[in-house]
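Here the structure is laid out as structure tokens; the discussion comes afterwards.
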Amino acid sequence: MQLLHELVPAARLIAVLINPTSPAYSEAAMESAQNTARVLGINLLPLNASTPDSIEVALATLKKESVGALLVTGDSFLVAQRAQLVALAAQNAVPALYHRREFMAAGGLISYGPSLPDAYYLVGDYTGRILSGQSPANLPVHQSAKFELVINTKVAKELGLTVPQAMLLRADEVIE
């Protein structure tokens with residue numbers, strides 16, 4: 001939310017695309033997003049989508065509601081539909097933030113999320129420990145520690161956005 005606010009400070013309404021059927025969806029996360037938005041002076045518009053057709057319907061409301069930006073939440077279904085999501089965001093000329101780097105290969109504007117190579121390393125490490133006889137119950141629980149910020153300045157220009165220099169300096173990768 002903060003990154004979208006930095007990139008599009010004039011946006012007073014941000015849509016949040018959610019798959020309500022996803023096990024990753026939680027009311028607590030949405031409530032946290034609402035609280036963050038309130039602090040930033042932003043209103044949120046939750047949009048639900050769990051099928052390709054419902055994505056079309058949900059994103060059709062972006063222009064109708066004068067949405068200033070779109071936040072696509074983390075969900076495997078939404079990742080699988082990344083080409084559709086990126087195309088619809090571009091078609092509606094709405095800046096969108098995605099949770100995975102894969103959206104950038106499809107032409108996304110900005111992504112911020114856990115580093116998959118880092119997560120895969122942890123999975124490999126845990127697999128090795130378990131195969132060497134350690135009990136999974138005795139292994140610590142890890143959360144992602146490394147997050148990646150990727151910005152596509154070409155898409156930003158197409159949307160008429162100027163990416164703040166401070167954001168570019170924080171980026172792990174800038175696509176030009």
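Identifiers in this document derive from the order of the structure tokens: chains are assigned A, B, ..., residues are numbered from 1 separately in each chain, and ligands are numbered from 1 in order of occurrence.
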*Tell me, which residues of chain A carry DSSP strand (DSSP E), written as number ranges by chain?*
A: 13-18, 43-48, 69-72, 96-98, 110-114, 147-152, 173-175
I need the residues from that last selection saved to file as a compact mmCIF listing (two decimals), in the first residue's frame (with N, CA and C atoms), if you can.
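Final output, selection-v2.txt:
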# COMPACT_ATOMS: atom_id res chain seq x y z
N LEU A 13 -8.42 6.40 -4.13
CA LEU A 13 -9.15 5.13 -4.10
C LEU A 13 -8.28 4.07 -4.75
N ILE A 14 -7.94 3.05 -3.99
CA ILE A 14 -7.14 1.94 -4.48
C ILE A 14 -7.98 0.67 -4.42
N ALA A 15 -8.05 -0.01 -5.56
CA ALA A 15 -8.76 -1.29 -5.61
C ALA A 15 -7.80 -2.39 -5.14
N VAL A 16 -8.35 -3.35 -4.42
CA VAL A 16 -7.59 -4.50 -3.94
C VAL A 16 -8.25 -5.74 -4.52
N LEU A 17 -7.54 -6.42 -5.41
CA LEU A 17 -8.08 -7.63 -6.03
C LEU A 17 -7.80 -8.83 -5.15
N ILE A 18 -8.85 -9.54 -4.78
CA ILE A 18 -8.79 -10.65 -3.83
C ILE A 18 -9.46 -11.87 -4.44
N ASN A 43 -8.92 5.39 0.41
CA ASN A 43 -10.05 4.47 0.53
C ASN A 43 -9.75 3.22 -0.30
N LEU A 44 -10.20 2.08 0.20
CA LEU A 44 -10.01 0.83 -0.52
C LEU A 44 -11.31 0.35 -1.12
N LEU A 45 -11.19 -0.25 -2.30
CA LEU A 45 -12.31 -0.87 -2.97
C LEU A 45 -11.97 -2.34 -3.17
N PRO A 46 -12.48 -3.23 -2.31
CA PRO A 46 -12.20 -4.65 -2.50
C PRO A 46 -12.91 -5.18 -3.74
N LEU A 47 -12.18 -5.93 -4.56
CA LEU A 47 -12.73 -6.57 -5.75
C LEU A 47 -12.47 -8.06 -5.64
N ASN A 48 -13.51 -8.86 -5.77
CA ASN A 48 -13.37 -10.31 -5.67
C ASN A 48 -13.30 -10.94 -7.05
N ALA A 69 -5.38 3.30 -8.42
CA ALA A 69 -4.35 2.26 -8.47
C ALA A 69 -4.98 0.93 -8.08
N LEU A 70 -4.25 -0.13 -8.39
CA LEU A 70 -4.72 -1.49 -8.13
C LEU A 70 -3.65 -2.27 -7.38
N LEU A 71 -4.05 -2.95 -6.34
CA LEU A 71 -3.17 -3.85 -5.59
C LEU A 71 -3.68 -5.26 -5.79
N VAL A 72 -2.86 -6.12 -6.40
CA VAL A 72 -3.24 -7.52 -6.64
C VAL A 72 -2.64 -8.35 -5.51
N ALA A 96 -0.65 -0.70 -11.29
CA ALA A 96 -0.91 -1.87 -10.46
C ALA A 96 0.36 -2.39 -9.82
N LEU A 97 0.23 -2.79 -8.58
CA LEU A 97 1.31 -3.42 -7.83
C LEU A 97 0.96 -4.89 -7.65
N TYR A 98 1.93 -5.74 -7.95
CA TYR A 98 1.76 -7.19 -7.87
C TYR A 98 2.69 -7.74 -6.80
N ILE A 110 4.92 -2.71 -11.26
CA ILE A 110 5.74 -2.81 -10.06
C ILE A 110 5.37 -4.07 -9.30
N SER A 111 6.39 -4.72 -8.74
CA SER A 111 6.12 -5.88 -7.89
C SER A 111 6.95 -5.77 -6.62
N TYR A 112 6.37 -6.26 -5.56
CA TYR A 112 7.06 -6.30 -4.27
C TYR A 112 6.61 -7.57 -3.57
N GLY A 113 7.56 -8.45 -3.33
CA GLY A 113 7.21 -9.70 -2.67
C GLY A 113 8.44 -10.49 -2.30
N PRO A 114 8.19 -11.64 -1.67
CA PRO A 114 9.32 -12.46 -1.22
C PRO A 114 10.16 -12.95 -2.38
N PHE A 147 12.82 -9.55 0.52
CA PHE A 147 11.76 -9.13 -0.38
C PHE A 147 12.39 -8.36 -1.53
N GLU A 148 11.79 -8.50 -2.71
CA GLU A 148 12.33 -7.86 -3.91
C GLU A 148 11.35 -6.82 -4.44
N LEU A 149 11.90 -5.66 -4.77
CA LEU A 149 11.14 -4.59 -5.40
C LEU A 149 11.62 -4.47 -6.84
N VAL A 150 10.70 -4.66 -7.78
CA VAL A 150 11.03 -4.57 -9.21
C VAL A 150 10.11 -3.50 -9.82
N ILE A 151 10.70 -2.59 -10.58
CA ILE A 151 9.94 -1.48 -11.18
C ILE A 151 10.19 -1.46 -12.68
N ASN A 152 9.12 -1.33 -13.45
CA ASN A 152 9.20 -1.25 -14.90
C ASN A 152 8.98 0.22 -15.28
N GLU A 173 15.58 -4.28 -8.85
CA GLU A 173 15.74 -4.30 -10.31
C GLU A 173 14.85 -3.23 -10.91
N VAL A 174 15.40 -2.53 -11.89
CA VAL A 174 14.64 -1.53 -12.65
C VAL A 174 14.66 -1.99 -14.09
N ILE A 175 13.47 -2.20 -14.65
CA ILE A 175 13.33 -2.61 -16.05
C ILE A 175 13.08 -1.35 -16.86
*Quick one: residues within 12 Å of Lys154 of chain A, only C-alpha atoms counted, chain neighbours fewer than 5 positions away excluded, as an MDAnalysis selection string?*
chainID A and resid 104 107:110 159:163 174:176
Give me a file of those residues, with N, CA and C atoms, as an mmCIF file, in the first residue's frame.
data_model
loop_
_atom_site.group_PDB
_atom_site.id
_atom_site.type_symbol
_atom_site.label_atom_id
_atom_site.label_comp_id
_atom_site.auth_asym_id
_atom_site.auth_seq_id
_atom_site.Cartn_x
_atom_site.Cartn_y
_atom_site.Cartn_z
ATOM 1 N N MET A 104 6.093 -9.104 -13.744
ATOM 2 C CA MET A 104 6.916 -8.152 -14.479
ATOM 3 C C MET A 104 7.250 -8.672 -15.869
ATOM 4 N N GLY A 107 4.728 -7.738 -18.260
ATOM 5 C CA GLY A 107 4.571 -6.313 -18.544
ATOM 6 C C GLY A 107 3.997 -5.509 -17.394
ATOM 7 N N GLY A 108 4.108 -6.028 -16.177
ATOM 8 C CA GLY A 108 3.591 -5.324 -15.008
ATOM 9 C C GLY A 108 4.390 -4.077 -14.677
ATOM 10 N N LEU A 109 3.795 -3.203 -13.891
ATOM 11 C CA LEU A 109 4.416 -1.936 -13.502
ATOM 12 C C LEU A 109 5.385 -2.102 -12.343
ATOM 13 N N ILE A 110 4.924 -2.711 -11.261
ATOM 14 C CA ILE A 110 5.741 -2.805 -10.057
ATOM 15 C C ILE A 110 5.369 -4.074 -9.297
ATOM 16 N N LEU A 159 2.056 5.072 -18.533
ATOM 17 C CA LEU A 159 0.946 5.496 -17.669
ATOM 18 C C LEU A 159 1.059 6.967 -17.269
ATOM 19 N N GLY A 160 2.133 7.635 -17.717
ATOM 20 C CA GLY A 160 2.325 9.035 -17.357
ATOM 21 C C GLY A 160 2.806 9.239 -15.934
ATOM 22 N N LEU A 161 3.464 8.232 -15.374
ATOM 23 C CA LEU A 161 3.948 8.313 -14.000
ATOM 24 C C LEU A 161 5.446 8.585 -13.975
ATOM 25 N N THR A 162 5.857 9.360 -12.999
ATOM 26 C CA THR A 162 7.279 9.555 -12.731
ATOM 27 C C THR A 162 7.593 8.787 -11.461
ATOM 28 N N VAL A 163 8.473 7.809 -11.583
ATOM 29 C CA VAL A 163 8.846 7.017 -10.416
ATOM 30 C C VAL A 163 9.806 7.847 -9.568
ATOM 31 N N VAL A 174 15.400 -2.531 -11.890
ATOM 32 C CA VAL A 174 14.645 -1.532 -12.649
ATOM 33 C C VAL A 174 14.660 -1.992 -14.095
ATOM 34 N N ILE A 175 13.473 -2.200 -14.655
ATOM 35 C CA ILE A 175 13.334 -2.609 -16.049
ATOM 36 C C ILE A 175 13.084 -1.354 -16.865
ATOM 37 N N GLU A 176 13.927 -1.143 -17.893
ATOM 38 C CA GLU A 176 13.782 0.070 -18.707
ATOM 39 C C GLU A 176 13.332 -0.265 -20.099
#
*With only C-alpha atoms as the basis for distance, which of A:Val57, A:Val8, A:Ala83, A:Met1 is at the shortest distance from Ala33 of chain A?*
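Smallest distance to Ala33 of chain A is found for A:Met1.
Residues of segment 118-150 of chain A assigned to alpha helix (DSSP H) by DSSP on this structure's backbone: Asp118, Ala119, Tyr120, Tyr121, Leu122, Val123, Gly124, Asp125, Tyr126, Thr127, Gly128, Arg129, Ile130 and Leu131 of chain A.
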Resulting file, chosen residues, N, CA and C atoms, as an mmCIF file, in the first residue's frame:
data_model
loop_
_atom_site.group_PDB
_atom_site.id
_atom_site.type_symbol
_atom_site.label_atom_id
_atom_site.label_comp_id
_atom_site.auth_asym_id
_atom_site.auth_seq_id
_atom_site.Cartn_x
_atom_site.Cartn_y
_atom_site.Cartn_z
ATOM 1 N N ASP A 118 15.356 -17.229 -2.613
ATOM 2 C CA ASP A 118 15.626 -17.310 -1.182
ATOM 3 C C ASP A 118 14.726 -18.361 -0.520
ATOM 4 N N ALA A 119 13.442 -18.355 -0.904
ATOM 5 C CA ALA A 119 12.497 -19.338 -0.356
ATOM 6 C C ALA A 119 12.865 -20.751 -0.797
ATOM 7 N N TYR A 120 13.265 -20.907 -2.055
ATOM 8 C CA TYR A 120 13.660 -22.227 -2.552
ATOM 9 C C TYR A 120 14.905 -22.732 -1.822
ATOM 10 N N TYR A 121 15.809 -21.833 -1.489
ATOM 11 C CA TYR A 121 16.995 -22.222 -0.733
ATOM 12 C C TYR A 121 16.575 -22.800 0.617
ATOM 13 N N LEU A 122 15.639 -22.129 1.298
ATOM 14 C CA LEU A 122 15.169 -22.620 2.591
ATOM 15 C C LEU A 122 14.492 -23.984 2.454
ATOM 16 N N VAL A 123 13.712 -24.170 1.394
ATOM 17 C CA VAL A 123 13.059 -25.461 1.163
ATOM 18 C C VAL A 123 14.114 -26.548 0.977
ATOM 19 N N GLY A 124 15.144 -26.256 0.196
ATOM 20 C CA GLY A 124 16.221 -27.221 -0.008
ATOM 21 C C GLY A 124 16.951 -27.540 1.289
ATOM 22 N N ASP A 125 17.209 -26.508 2.080
ATOM 23 C CA ASP A 125 17.879 -26.698 3.361
ATOM 24 C C ASP A 125 17.041 -27.587 4.280
ATOM 25 N N TYR A 126 15.753 -27.308 4.364
ATOM 26 C CA TYR A 126 14.868 -28.110 5.207
ATOM 27 C C TYR A 126 14.787 -29.546 4.703
ATOM 28 N N THR A 127 14.717 -29.719 3.401
ATOM 29 C CA THR A 127 14.666 -31.066 2.826
ATOM 30 C C THR A 127 15.922 -31.844 3.209
ATOM 31 N N GLY A 128 17.064 -31.196 3.085
ATOM 32 C CA GLY A 128 18.321 -31.834 3.468
ATOM 33 C C GLY A 128 18.351 -32.217 4.938
ATOM 34 N N ARG A 129 17.863 -31.346 5.781
ATOM 35 C CA ARG A 129 17.836 -31.638 7.224
ATOM 36 C C ARG A 129 16.929 -32.831 7.531
ATOM 37 N N ILE A 130 15.764 -32.850 6.899
ATOM 38 C CA ILE A 130 14.820 -33.944 7.141
ATOM 39 C C ILE A 130 15.387 -35.259 6.619
ATOM 40 N N LEU A 131 15.994 -35.217 5.427
ATOM 41 C CA LEU A 131 16.580 -36.433 4.858
ATOM 42 C C LEU A 131 17.774 -36.933 5.675
#
*asked:* Please compute the atom CA of Asn35 of chain A-atom CA of Glu56 of chain A distance, one decimal, in Å.
replied: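 Answer for the atom CA of Asn35 of chain A to atom CA of Glu56 of chain A separation: 27.6 Å.
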*Do a neighbour search on Asn19 of chain A at 12 Å with only C-alpha atoms, toss out local chain neighbours closer than 5 positions, and write the hits as number ranges by chain.*
A: 24-27, 30, 46-52, 54-55, 58, 72-79, 81
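For the atom pair formed by atom CA of Arg38 of chain A and atom CA of Leu169 of chain A, the distance is 27.0 Å, given to one decimal.
Proximity to Ala156 of chain A was assessed for A:Ala171, A:Ala105, A:Val94, A:Leu40 counting only C-alpha atoms; the smallest distance is recorded for A:Val94.
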*Pick from A:Pro23, A:Gly68, A:Pro164, A:Pro95: nearest to Ile42 of chain A, with only C-alpha atoms counted?*
A:Gly68
*Name the closest residue to Leu4 of chain A among the candidates A:Ala145, A:Leu85, A:Gln134, A:Met167; distances are taken between atoms, counting only C-alpha atoms.*
A:Met167
*Pairwise distance for atom CA of Val155 of chain A and atom CA of Ala60 of chain A, rounded to one decimal in Å*: 20.1 Å
*Of the candidates A:Thr21, A:Gln84, A:Gln91, A:Ser32, which shows the shortest atom-to-atom distance to Phe103 of chain A, using only C-alpha atoms?*
A:Gln84
